[in-house]
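Step one of this worksheet: look at the structure below.
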Amino acid sequence: LDKECEAVYKCSKRMKLQHKIDALFEAGTDEAGRGCLCGPVTAAAVILPLNYTHPTLNDSKQLSAKQRNELRPIIQKEAIAWAVAHVGPEEIDEINILNASILAMHRSIKKLKQKPDFIAVDGNRFKPVQNIPYHCQVKGDATYLNIAAASILAKTYRDEYMEKLALDFPGYAWEKNAGYPTKEHRNAIRKLGVTPHHRMSFQLLPSQLNLFDT
């Protein structure tokens, strides 16, 4: 193994499958895109088989884009159930990013073909859904394999979504920055203005006055 793969392998060996040992269908859920200036916040939910293992399955942030894209079809094939859901910028602006992130998780959980009997949530905030018991875990995507799997699906599906949007809105480099507040993205906002996909409740530039005062 090269050094990158070896580090991921060692980390994945320390991870647990799920939070509740006796749950038959525990769903891990996570979101991607919470800190972006545009596009949806995307969540995924994944139920893995009991005793599931994979040598490189890990928190999506610890993996390269190549590793994430290689793991995505494996997760989709080997999971008992998986689902992905988006919440768009208009809803984010209406209900705020925290509630939108939770809503995206709820939508992904409700789309699962197998109803979970327990939910492991990445982070420290959640709201009940379908009367299913749950546990919030800070850095859950580096703790439980089912949350790690969800993080990979959320990240890859959202990146793919932003790459498609970039074709209709060239100049913002969404195919590279996925809507995150990079210098290149913010310079494009100054030059080209905002799009219907930008989150107007976010601070798009260091001073919002730069957007609207001409």
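Labeling convention for the structure tokens: chains A, B, ... as they appear, residues from 1 per chain, ligands from 1 in order of appearance.
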Enumerate, as a ChimeraX atom specification, the complete set of residues in stretch 103-200 of chain A that a backbone-based DSSP assignment places in alpha helix (DSSP H).
/A:103-111,145-168,174-177,183-192
When you look at stretch 18-34 of chain A with a cut-off of 7 Å (counting only C-alpha atoms), what residues show up, excluding the ones that are within fewer than 2 positions of it in the same chain? I need them as an MDAnalysis selection string.
chainID A and resid 16 36 40:47 97 101 105 116:122 144:147 150:151 154:155
Sel. of strand (DSSP E) residues, stretch 93-199 of chain A, as a PyMOL selection string:
chain A and resi 118-122+134-137
Pull N, CA, C and O atoms from the residues just selected and write them as a tab-separated table (two decimals), in the first residue's frame.
chain	number	residue	atom	x	y	z
A	118	PHE	N	-32.69	2.39	14.02
A	118	PHE	CA	-31.86	3.32	14.79
A	118	PHE	C	-31.11	4.19	13.78
A	118	PHE	O	-30.84	3.77	12.65
A	119	ILE	N	-30.77	5.42	14.21
A	119	ILE	CA	-30.06	6.36	13.32
A	119	ILE	C	-28.82	6.88	14.04
A	119	ILE	O	-28.89	7.35	15.18
A	120	ALA	N	-27.68	6.78	13.38
A	120	ALA	CA	-26.43	7.38	13.86
A	120	ALA	C	-26.20	8.64	13.04
A	120	ALA	O	-26.12	8.59	11.81
A	121	VAL	N	-26.11	9.78	13.72
A	121	VAL	CA	-26.06	11.09	13.06
A	121	VAL	C	-24.69	11.72	13.25
A	121	VAL	O	-24.17	11.76	14.37
A	122	ASP	N	-24.12	12.22	12.17
A	122	ASP	CA	-22.87	12.97	12.30
A	122	ASP	C	-23.17	14.37	12.82
A	122	ASP	O	-24.05	15.06	12.31
A	134	TYR	N	-32.30	7.83	17.94
A	134	TYR	CA	-31.07	8.25	17.26
A	134	TYR	C	-29.99	8.64	18.26
A	134	TYR	O	-30.26	8.86	19.44
A	135	HIS	N	-28.78	8.72	17.75
A	135	HIS	CA	-27.63	9.17	18.54
A	135	HIS	C	-26.80	10.12	17.69
A	135	HIS	O	-26.49	9.83	16.54
A	136	CYS	N	-26.47	11.28	18.26
A	136	CYS	CA	-25.60	12.25	17.58
A	136	CYS	C	-24.16	12.01	18.01
A	136	CYS	O	-23.88	11.86	19.21
A	137	GLN	N	-23.26	12.02	17.05
A	137	GLN	CA	-21.85	11.76	17.33
A	137	GLN	C	-20.99	12.80	16.62
A	137	GLN	O	-20.95	12.83	15.39
Using only C-alpha atoms: which of A:Lys164, A:Lys66, A:His185, A:Lys77 has the shortest distance to A:Leu37:
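Checking each of A:Lys164, A:Lys66, A:His185, A:Lys77 against A:Leu37, counting only C-alpha atoms, the winner is A:His185.
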Would you mind reading off the distance between atom CA of A:Ala104 and atom CA of A:Ala85, one decimal, in Å?
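We find that atom CA of A:Ala104 and atom CA of A:Ala85 lie 5.7 Å from each other.
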Name all residues at most 12 Å from A:Pro170 (count only C-alpha atoms; drop same-chain ones fewer than 4 positions away) and give them as a compact mmCIF listing (two decimals) with N, CA and C atoms, in the first residue's frame.
# COMPACT_ATOMS: atom_id res chain seq x y z
N MET A 162 -22.80 19.90 -8.51
CA MET A 162 -22.17 21.20 -8.74
C MET A 162 -21.39 21.23 -10.06
N GLU A 163 -20.84 20.10 -10.45
CA GLU A 163 -20.16 20.03 -11.75
C GLU A 163 -21.14 20.26 -12.89
N LYS A 164 -22.34 19.75 -12.76
CA LYS A 164 -23.37 19.97 -13.78
C LYS A 164 -23.82 21.43 -13.80
N LEU A 165 -24.00 22.02 -12.62
CA LEU A 165 -24.37 23.44 -12.55
C LEU A 165 -23.30 24.32 -13.17
N ALA A 166 -22.05 23.93 -13.02
CA ALA A 166 -20.94 24.73 -13.54
C ALA A 166 -21.00 24.86 -15.06
N TRP A 174 -17.21 26.15 -10.12
CA TRP A 174 -17.89 25.22 -9.22
C TRP A 174 -17.44 23.78 -9.44
N GLU A 175 -16.95 23.49 -10.64
CA GLU A 175 -16.46 22.14 -10.91
C GLU A 175 -15.21 21.84 -10.08
N LYS A 176 -14.56 22.89 -9.58
CA LYS A 176 -13.37 22.71 -8.74
C LYS A 176 -13.65 23.00 -7.28
N HIS A 185 -13.82 31.76 -6.25
CA HIS A 185 -15.28 31.85 -6.27
C HIS A 185 -15.73 33.25 -5.91
N ALA A 188 -15.18 35.74 -8.61
CA ALA A 188 -16.18 35.59 -9.67
C ALA A 188 -17.49 36.25 -9.28
N ILE A 189 -17.86 36.17 -8.01
CA ILE A 189 -19.08 36.84 -7.56
C ILE A 189 -18.93 38.35 -7.74
N LEU A 192 -18.96 38.75 -11.77
CA LEU A 192 -20.12 38.27 -12.53
C LEU A 192 -21.44 38.45 -11.80
N THR A 195 -25.90 34.30 -8.68
CA THR A 195 -26.75 33.47 -9.53
C THR A 195 -27.96 33.02 -8.73
Atom CA of A:Ile74 to atom CA of A:Tyr180, straight-line distance in Å:
27.2 Å
Nearest-residue call for A:Gln67, choices A:Ala81, A:Ala142, A:Leu153, A:Leu103, using only C-alpha atoms:
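Distance minimum relative to A:Gln67 lands on A:Leu153.
With only C-alpha atoms as the atoms that count, the minimum distance from A:Asn69 to the choices A:Leu57, A:Ala100, A:Leu112, A:Cys38 is reached by A:Leu57.
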Residue nearest A:Pro181 - candidates A:Ile80, A:Leu205, A:Ile95, A:Val194, atoms counted: only C-alpha atoms:
A:Leu205
Using only C-alpha atoms: which of A:Lys139, A:Ser207, A:Pro55, A:Arg72 has the shortest distance to A:Tyr157
A:Arg72
Could you check which of A:Lys183, A:Asn131, A:Leu50, A:Glu90 is closest to A:Phe202, using only C-alpha atoms?
A:Glu90
